[in-house]
$ cat my_file04.txt   # compact mmCIF, N, CA and C atoms
# COMPACT_ATOMS: atom_id res chain seq x y z
N MET A 1 13.88 113.94 3.82
CA MET A 1 13.49 112.88 2.95
C MET A 1 12.53 111.94 3.68
N LYS A 2 11.41 111.63 3.05
CA LYS A 2 10.45 110.74 3.68
C LYS A 2 10.89 109.30 3.56
N ARG A 3 10.61 108.53 4.58
CA ARG A 3 10.89 107.10 4.52
C ARG A 3 9.74 106.40 3.82
N GLN A 4 10.06 105.47 2.98
CA GLN A 4 9.02 104.72 2.31
C GLN A 4 8.43 103.69 3.25
N LYS A 5 7.16 103.42 3.08
CA LYS A 5 6.53 102.37 3.87
C LYS A 5 7.13 101.04 3.46
N ARG A 6 7.23 100.17 4.44
CA ARG A 6 7.74 98.85 4.11
C ARG A 6 6.75 98.11 3.22
N ASP A 7 7.26 97.25 2.44
CA ASP A 7 6.45 96.44 1.55
C ASP A 7 5.43 95.63 2.35
N ARG A 8 4.24 95.45 1.81
CA ARG A 8 3.18 94.71 2.51
C ARG A 8 3.59 93.28 2.83
N LEU A 9 4.29 92.64 1.90
CA LEU A 9 4.70 91.26 2.12
C LEU A 9 5.77 91.17 3.20
N GLU A 10 6.65 92.16 3.24
CA GLU A 10 7.67 92.20 4.28
C GLU A 10 7.02 92.41 5.65
N ARG A 11 5.99 93.25 5.68
CA ARG A 11 5.26 93.49 6.91
C ARG A 11 4.52 92.23 7.36
N ALA A 12 3.96 91.48 6.42
CA ALA A 12 3.27 90.23 6.75
C ALA A 12 4.24 89.24 7.36
N GLN A 13 5.45 89.16 6.81
CA GLN A 13 6.43 88.23 7.36
C GLN A 13 6.85 88.65 8.77
N ALA A 14 7.04 89.94 8.98
CA ALA A 14 7.43 90.43 10.31
C ALA A 14 6.34 90.15 11.33
N ARG A 15 5.09 90.29 10.94
CA ARG A 15 3.98 90.01 11.86
C ARG A 15 3.87 88.52 12.15
N GLY A 16 4.13 87.70 11.15
CA GLY A 16 4.14 86.26 11.35
C GLY A 16 5.25 85.83 12.28
N TYR A 17 6.39 86.49 12.15
CA TYR A 17 7.54 86.20 13.01
C TYR A 17 7.20 86.51 14.47
N GLN A 18 6.59 87.67 14.69
CA GLN A 18 6.19 88.03 16.05
C GLN A 18 5.16 87.07 16.61
N ALA A 19 4.23 86.63 15.76
CA ALA A 19 3.21 85.68 16.20
C ALA A 19 3.87 84.36 16.60
N GLY A 20 4.87 83.94 15.84
CA GLY A 20 5.58 82.70 16.17
C GLY A 20 6.33 82.81 17.47
N LEU A 21 6.95 83.95 17.73
CA LEU A 21 7.67 84.15 18.99
C LEU A 21 6.72 84.17 20.17
N ASN A 22 5.51 84.67 19.95
CA ASN A 22 4.52 84.75 21.02
C ASN A 22 3.75 83.45 21.22
N GLY A 23 4.07 82.43 20.43
CA GLY A 23 3.44 81.14 20.60
C GLY A 23 2.06 81.00 19.98
N ARG A 24 1.71 81.89 19.08
CA ARG A 24 0.40 81.79 18.44
C ARG A 24 0.39 80.68 17.41
N SER A 25 -0.79 80.20 17.08
CA SER A 25 -0.99 79.12 16.14
C SER A 25 -0.99 79.64 14.71
N THR A 26 -0.74 78.75 13.75
CA THR A 26 -0.81 79.13 12.34
C THR A 26 -2.25 79.45 11.95
N GLU A 27 -3.20 78.97 12.72
CA GLU A 27 -4.62 79.26 12.45
C GLU A 27 -4.95 80.74 12.70
N ASP A 28 -4.07 81.45 13.39
CA ASP A 28 -4.29 82.86 13.70
C ASP A 28 -3.86 83.80 12.57
N CYS A 29 -3.43 83.24 11.45
CA CYS A 29 -2.97 84.06 10.33
C CYS A 29 -4.12 84.94 9.84
N PRO A 30 -3.94 86.27 9.84
CA PRO A 30 -5.02 87.18 9.45
C PRO A 30 -5.15 87.40 7.94
N TYR A 31 -4.25 86.83 7.15
CA TYR A 31 -4.23 87.10 5.72
C TYR A 31 -4.94 86.01 4.93
N ASN A 32 -5.69 86.44 3.92
CA ASN A 32 -6.38 85.51 3.03
C ASN A 32 -5.69 85.40 1.68
N GLY A 33 -4.97 86.42 1.28
CA GLY A 33 -4.26 86.40 0.01
C GLY A 33 -3.10 85.42 0.05
N THR A 34 -2.87 84.75 -1.05
CA THR A 34 -1.86 83.70 -1.11
C THR A 34 -0.47 84.22 -0.77
N ASP A 35 -0.05 85.32 -1.38
CA ASP A 35 1.30 85.83 -1.17
C ASP A 35 1.52 86.29 0.27
N ALA A 36 0.59 87.07 0.78
CA ALA A 36 0.73 87.58 2.15
C ALA A 36 0.67 86.43 3.16
N ARG A 37 -0.23 85.48 2.93
CA ARG A 37 -0.34 84.33 3.83
C ARG A 37 0.95 83.50 3.83
N THR A 38 1.52 83.32 2.65
CA THR A 38 2.78 82.57 2.52
C THR A 38 3.90 83.26 3.30
N ASN A 39 3.99 84.57 3.17
CA ASN A 39 5.03 85.31 3.90
C ASN A 39 4.79 85.28 5.40
N TRP A 40 3.53 85.40 5.83
CA TRP A 40 3.21 85.33 7.26
C TRP A 40 3.64 83.98 7.83
N LEU A 41 3.28 82.91 7.12
CA LEU A 41 3.63 81.57 7.58
C LEU A 41 5.14 81.34 7.55
N GLY A 42 5.82 81.94 6.59
CA GLY A 42 7.28 81.84 6.54
C GLY A 42 7.93 82.51 7.74
N GLY A 43 7.43 83.68 8.10
CA GLY A 43 7.94 84.37 9.30
C GLY A 43 7.64 83.57 10.55
N TRP A 44 6.45 82.97 10.60
CA TRP A 44 6.05 82.16 11.76
C TRP A 44 6.99 80.96 11.91
N ARG A 45 7.28 80.29 10.78
CA ARG A 45 8.18 79.13 10.80
C ARG A 45 9.58 79.52 11.24
N ASP A 46 10.07 80.65 10.74
CA ASP A 46 11.41 81.13 11.14
C ASP A 46 11.49 81.34 12.64
N ALA A 47 10.47 81.95 13.20
CA ALA A 47 10.46 82.22 14.64
C ALA A 47 10.40 80.92 15.44
N ARG A 48 9.57 79.97 15.00
CA ARG A 48 9.45 78.70 15.72
C ARG A 48 10.76 77.92 15.68
N GLU A 49 11.47 77.96 14.54
CA GLU A 49 12.77 77.29 14.44
C GLU A 49 13.78 77.92 15.39
N GLU A 50 13.78 79.24 15.46
CA GLU A 50 14.72 79.92 16.35
C GLU A 50 14.40 79.65 17.81
N LEU A 51 13.13 79.52 18.14
CA LEU A 51 12.75 79.16 19.50
C LEU A 51 13.25 77.76 19.84
N GLN A 52 13.10 76.83 18.90
CA GLN A 52 13.55 75.45 19.14
C GLN A 52 15.05 75.35 19.25
N GLN A 53 15.76 76.21 18.56
CA GLN A 53 17.21 76.21 18.61
C GLN A 53 17.73 76.88 19.88
N GLY A 54 16.85 77.52 20.62
CA GLY A 54 17.24 78.15 21.87
C GLY A 54 17.73 79.57 21.73
N LEU A 55 17.45 80.20 20.61
CA LEU A 55 17.90 81.59 20.42
C LEU A 55 17.05 82.56 21.25
N TYR A 56 15.82 82.16 21.57
CA TYR A 56 14.92 82.97 22.40
C TYR A 56 14.40 82.11 23.52
N LYS A 57 14.06 82.74 24.62
CA LYS A 57 13.48 82.00 25.75
C LYS A 57 12.09 82.46 26.02
$ encode --input "my_file04.txt" --output "structure tokens"
Amino acid sequence: MKRQKRDRLERAQARGYQAGLNGRSTEDCPYNGTDARTNWLGGWRDAREELQQGLYK
């Protein structure tokens, strides 16, 4: 059985999360579409909050 590709918006959020963990700026968001950009920024915010809480070093 083939695995389905992950949803584009889910992928945008995961990439935003990684960008946030790596300390990248919100200006580095590669998406222009509203939905994808919103998900990328949401993932970025989640990562930054977890960094501030000390979950990652």
$ closest_residue --input "my_file04.txt" --among "A:Thr38, A:Gly43, A:Leu55, A:Arg48" --to "Tyr17 of chain A" --atoms "only C-alpha atoms"
A:Gly43
$ atom_distance --input "my_file04.txt" --atom1 "atom CA of Leu21 of chain A" --atom2 "atom C of Leu9 of chain A"
17.4 Å
$ atom_distance --input "my_file04.txt" --atom1 "atom N of Asp7 of chain A" --atom2 "atom CA of Tyr56 of chain A"
25.7 Å
$ atom_distance --input "my_file04.txt" --atom1 "atom CA of Arg37 of chain A" --atom2 "atom CA of Gln53 of chain A"
24.3 Å
$ select_by_dssp --input "my_file04.txt" --residues "chain A" --states "alpha helix (DSSP H)" --output "number ranges by chain"
A: 8-21, 34-52
$ write_last_selection --input "my_file04.txt" --atoms "N, CA and C atoms" --output "mmCIF file, in the coordinates of the input"
data_model
loop_
_atom_site.group_PDB
_atom_site.id
_atom_site.type_symbol
_atom_site.label_atom_id
_atom_site.label_comp_id
_atom_site.auth_asym_id
_atom_site.auth_seq_id
_atom_site.Cartn_x
_atom_site.Cartn_y
_atom_site.Cartn_z
ATOM 1 N N ARG A 8 4.240 95.450 1.810
ATOM 2 C CA ARG A 8 3.180 94.710 2.510
ATOM 3 C C ARG A 8 3.590 93.280 2.830
ATOM 4 N N LEU A 9 4.290 92.640 1.900
ATOM 5 C CA LEU A 9 4.700 91.260 2.120
ATOM 6 C C LEU A 9 5.770 91.170 3.200
ATOM 7 N N GLU A 10 6.650 92.160 3.240
ATOM 8 C CA GLU A 10 7.670 92.200 4.280
ATOM 9 C C GLU A 10 7.020 92.410 5.650
ATOM 10 N N ARG A 11 5.990 93.250 5.680
ATOM 11 C CA ARG A 11 5.260 93.490 6.910
ATOM 12 C C ARG A 11 4.520 92.230 7.360
ATOM 13 N N ALA A 12 3.960 91.480 6.420
ATOM 14 C CA ALA A 12 3.270 90.230 6.750
ATOM 15 C C ALA A 12 4.240 89.240 7.360
ATOM 16 N N GLN A 13 5.450 89.160 6.810
ATOM 17 C CA GLN A 13 6.430 88.230 7.360
ATOM 18 C C GLN A 13 6.850 88.650 8.770
ATOM 19 N N ALA A 14 7.040 89.940 8.980
ATOM 20 C CA ALA A 14 7.430 90.430 10.310
ATOM 21 C C ALA A 14 6.340 90.150 11.330
ATOM 22 N N ARG A 15 5.090 90.290 10.940
ATOM 23 C CA ARG A 15 3.980 90.010 11.860
ATOM 24 C C ARG A 15 3.870 88.520 12.150
ATOM 25 N N GLY A 16 4.130 87.700 11.150
ATOM 26 C CA GLY A 16 4.140 86.260 11.350
ATOM 27 C C GLY A 16 5.250 85.830 12.280
ATOM 28 N N TYR A 17 6.390 86.490 12.150
ATOM 29 C CA TYR A 17 7.540 86.200 13.010
ATOM 30 C C TYR A 17 7.200 86.510 14.470
ATOM 31 N N GLN A 18 6.590 87.670 14.690
ATOM 32 C CA GLN A 18 6.190 88.030 16.050
ATOM 33 C C GLN A 18 5.160 87.070 16.610
ATOM 34 N N ALA A 19 4.230 86.630 15.760
ATOM 35 C CA ALA A 19 3.210 85.680 16.200
ATOM 36 C C ALA A 19 3.870 84.360 16.600
ATOM 37 N N GLY A 20 4.870 83.940 15.840
ATOM 38 C CA GLY A 20 5.580 82.700 16.170
ATOM 39 C C GLY A 20 6.330 82.810 17.470
ATOM 40 N N LEU A 21 6.950 83.950 17.730
ATOM 41 C CA LEU A 21 7.670 84.150 18.990
ATOM 42 C C LEU A 21 6.720 84.170 20.170
ATOM 43 N N THR A 34 -2.870 84.750 -1.050
ATOM 44 C CA THR A 34 -1.860 83.700 -1.110
ATOM 45 C C THR A 34 -0.470 84.220 -0.770
ATOM 46 N N ASP A 35 -0.050 85.320 -1.380
ATOM 47 C CA ASP A 35 1.300 85.830 -1.170
ATOM 48 C C ASP A 35 1.520 86.290 0.270
ATOM 49 N N ALA A 36 0.590 87.070 0.780
ATOM 50 C CA ALA A 36 0.730 87.580 2.150
ATOM 51 C C ALA A 36 0.670 86.430 3.160
ATOM 52 N N ARG A 37 -0.230 85.480 2.930
ATOM 53 C CA ARG A 37 -0.340 84.330 3.830
ATOM 54 C C ARG A 37 0.950 83.500 3.830
ATOM 55 N N THR A 38 1.520 83.320 2.650
ATOM 56 C CA THR A 38 2.780 82.570 2.520
ATOM 57 C C THR A 38 3.900 83.260 3.300
ATOM 58 N N ASN A 39 3.990 84.570 3.170
ATOM 59 C CA ASN A 39 5.030 85.310 3.900
ATOM 60 C C ASN A 39 4.790 85.280 5.400
ATOM 61 N N TRP A 40 3.530 85.400 5.830
ATOM 62 C CA TRP A 40 3.210 85.330 7.260
ATOM 63 C C TRP A 40 3.640 83.980 7.830
ATOM 64 N N LEU A 41 3.280 82.910 7.120
ATOM 65 C CA LEU A 41 3.630 81.570 7.580
ATOM 66 C C LEU A 41 5.140 81.340 7.550
ATOM 67 N N GLY A 42 5.820 81.940 6.590
ATOM 68 C CA GLY A 42 7.280 81.840 6.540
ATOM 69 C C GLY A 42 7.930 82.510 7.740
ATOM 70 N N GLY A 43 7.430 83.680 8.100
ATOM 71 C CA GLY A 43 7.940 84.370 9.300
ATOM 72 C C GLY A 43 7.640 83.570 10.550
ATOM 73 N N TRP A 44 6.450 82.970 10.600
ATOM 74 C CA TRP A 44 6.050 82.160 11.760
ATOM 75 C C TRP A 44 6.990 80.960 11.910
ATOM 76 N N ARG A 45 7.280 80.290 10.780
ATOM 77 C CA ARG A 45 8.180 79.130 10.800
ATOM 78 C C ARG A 45 9.580 79.520 11.240
ATOM 79 N N ASP A 46 10.070 80.650 10.740
ATOM 80 C CA ASP A 46 11.410 81.130 11.140
ATOM 81 C C ASP A 46 11.490 81.340 12.640
ATOM 82 N N ALA A 47 10.470 81.950 13.200
ATOM 83 C CA ALA A 47 10.460 82.220 14.640
ATOM 84 C C ALA A 47 10.400 80.920 15.440
ATOM 85 N N ARG A 48 9.570 79.970 15.000
ATOM 86 C CA ARG A 48 9.450 78.700 15.720
ATOM 87 C C ARG A 48 10.760 77.920 15.680
ATOM 88 N N GLU A 49 11.470 77.960 14.540
ATOM 89 C CA GLU A 49 12.770 77.290 14.440
ATOM 90 C C GLU A 49 13.780 77.920 15.390
ATOM 91 N N GLU A 50 13.780 79.240 15.460
ATOM 92 C CA GLU A 50 14.720 79.920 16.350
ATOM 93 C C GLU A 50 14.400 79.650 17.810
ATOM 94 N N LEU A 51 13.130 79.520 18.140
ATOM 95 C CA LEU A 51 12.750 79.160 19.500
ATOM 96 C C LEU A 51 13.250 77.760 19.840
ATOM 97 N N GLN A 52 13.100 76.830 18.900
ATOM 98 C CA GLN A 52 13.550 75.450 19.140
ATOM 99 C C GLN A 52 15.050 75.350 19.250
#
$ residues_around --input "my_file04.txt" --residues "Glu10 of chain A" --least-positions-apart "5" --cutoff "8 Å" --atoms "only N, CA and C atoms" --output "list in words"
Arg15, Gly16, Ala36, Asn39 and Trp40 of chain A
$ decode --input "my_file04.txt" --residues "chain A" --atoms "C-alpha atoms" --output "PDB file, in the first residue's frame"
ATOM      1  CA  MET A   1       0.000   0.000   0.000  1.00  0.00           C
ATOM      2  CA  LYS A   2       1.379   3.389  -0.967  1.00  0.00           C
ATOM      3  CA  ARG A   3       1.658   6.104   1.627  1.00  0.00           C
ATOM      4  CA  GLN A   4      -0.132   9.294   0.794  1.00  0.00           C
ATOM      5  CA  LYS A   5       1.847  12.485   0.616  1.00  0.00           C
ATOM      6  CA  ARG A   6       1.341  14.727   3.556  1.00  0.00           C
ATOM      7  CA  ASP A   7      -0.959  17.646   3.084  1.00  0.00           C
ATOM      8  CA  ARG A   8       0.751  20.812   1.772  1.00  0.00           C
ATOM      9  CA  LEU A   9      -0.434  22.871   4.730  1.00  0.00           C
ATOM     10  CA  GLU A  10       0.822  20.269   7.192  1.00  0.00           C
ATOM     11  CA  ARG A  11       4.176  20.317   5.415  1.00  0.00           C
ATOM     12  CA  ALA A  12       4.272  24.135   5.594  1.00  0.00           C
ATOM     13  CA  GLN A  13       3.695  24.001   9.343  1.00  0.00           C
ATOM     14  CA  ALA A  14       6.418  21.383   9.822  1.00  0.00           C
ATOM     15  CA  ARG A  15       8.883  23.505   7.841  1.00  0.00           C
ATOM     16  CA  GLY A  16       7.958  26.580   9.855  1.00  0.00           C
ATOM     17  CA  TYR A  17       8.502  24.614  13.050  1.00  0.00           C
ATOM     18  CA  GLN A  18      11.983  23.589  11.931  1.00  0.00           C
ATOM     19  CA  ALA A  19      12.769  27.177  10.944  1.00  0.00           C
ATOM     20  CA  GLY A  20      11.717  28.348  14.401  1.00  0.00           C
ATOM     21  CA  LEU A  21      13.914  25.761  16.103  1.00  0.00           C
ATOM     22  CA  ASN A  22      16.853  26.837  13.953  1.00  0.00           C
ATOM     23  CA  GLY A  23      16.393  30.466  14.953  1.00  0.00           C
ATOM     24  CA  ARG A  24      15.322  31.769  11.562  1.00  0.00           C
ATOM     25  CA  SER A  25      13.272  34.944  11.237  1.00  0.00           C
ATOM     26  CA  THR A  26       9.626  35.149  10.205  1.00  0.00           C
ATOM     27  CA  GLU A  27      10.877  37.127   7.199  1.00  0.00           C
ATOM     28  CA  ASP A  28      12.349  33.858   5.871  1.00  0.00           C
ATOM     29  CA  CYS A  29       8.882  32.407   5.204  1.00  0.00           C
ATOM     30  CA  PRO A  30       8.995  31.019   1.637  1.00  0.00           C
ATOM     31  CA  TYR A  31       5.213  30.949   1.151  1.00  0.00           C
ATOM     32  CA  ASN A  32       3.137  33.674  -0.485  1.00  0.00           C
ATOM     33  CA  GLY A  33      -0.269  32.015  -0.243  1.00  0.00           C
ATOM     34  CA  THR A  34      -2.331  33.020   2.762  1.00  0.00           C
ATOM     35  CA  ASP A  35      -3.112  29.519   4.039  1.00  0.00           C
ATOM     36  CA  ALA A  36       0.389  28.106   3.657  1.00  0.00           C
ATOM     37  CA  ARG A  37       1.963  31.264   5.118  1.00  0.00           C
ATOM     38  CA  THR A  38      -0.397  31.113   8.105  1.00  0.00           C
ATOM     39  CA  ASN A  39       0.521  27.483   8.779  1.00  0.00           C
ATOM     40  CA  TRP A  40       4.253  28.190   8.387  1.00  0.00           C
ATOM     41  CA  LEU A  41       4.036  31.059  10.868  1.00  0.00           C
ATOM     42  CA  GLY A  42       1.984  28.908  13.246  1.00  0.00           C
ATOM     43  CA  GLY A  43       4.672  26.226  13.223  1.00  0.00           C
ATOM     44  CA  TRP A  44       7.334  28.898  13.714  1.00  0.00           C
ATOM     45  CA  ARG A  45       5.469  30.321  16.733  1.00  0.00           C
ATOM     46  CA  ASP A  46       5.032  26.855  18.260  1.00  0.00           C
ATOM     47  CA  ALA A  47       8.759  26.182  17.998  1.00  0.00           C
ATOM     48  CA  ARG A  48       9.706  29.579  19.469  1.00  0.00           C
ATOM     49  CA  GLU A  49       7.355  29.021  22.430  1.00  0.00           C
ATOM     50  CA  GLU A  50       8.855  25.606  23.100  1.00  0.00           C
ATOM     51  CA  LEU A  51      12.355  27.070  22.954  1.00  0.00           C
ATOM     52  CA  GLN A  52      11.381  29.741  25.487  1.00  0.00           C
ATOM     53  CA  GLN A  53       9.864  27.129  27.767  1.00  0.00           C
ATOM     54  CA  GLY A  54      13.149  25.241  27.729  1.00  0.00           C
ATOM     55  CA  LEU A  55      11.943  22.141  25.918  1.00  0.00           C
ATOM     56  CA  TYR A  56      14.854  22.470  23.443  1.00  0.00           C
ATOM     57  CA  LYS A  57      18.359  23.799  23.882  1.00  0.00           C
TER      58      LYS A  57
END
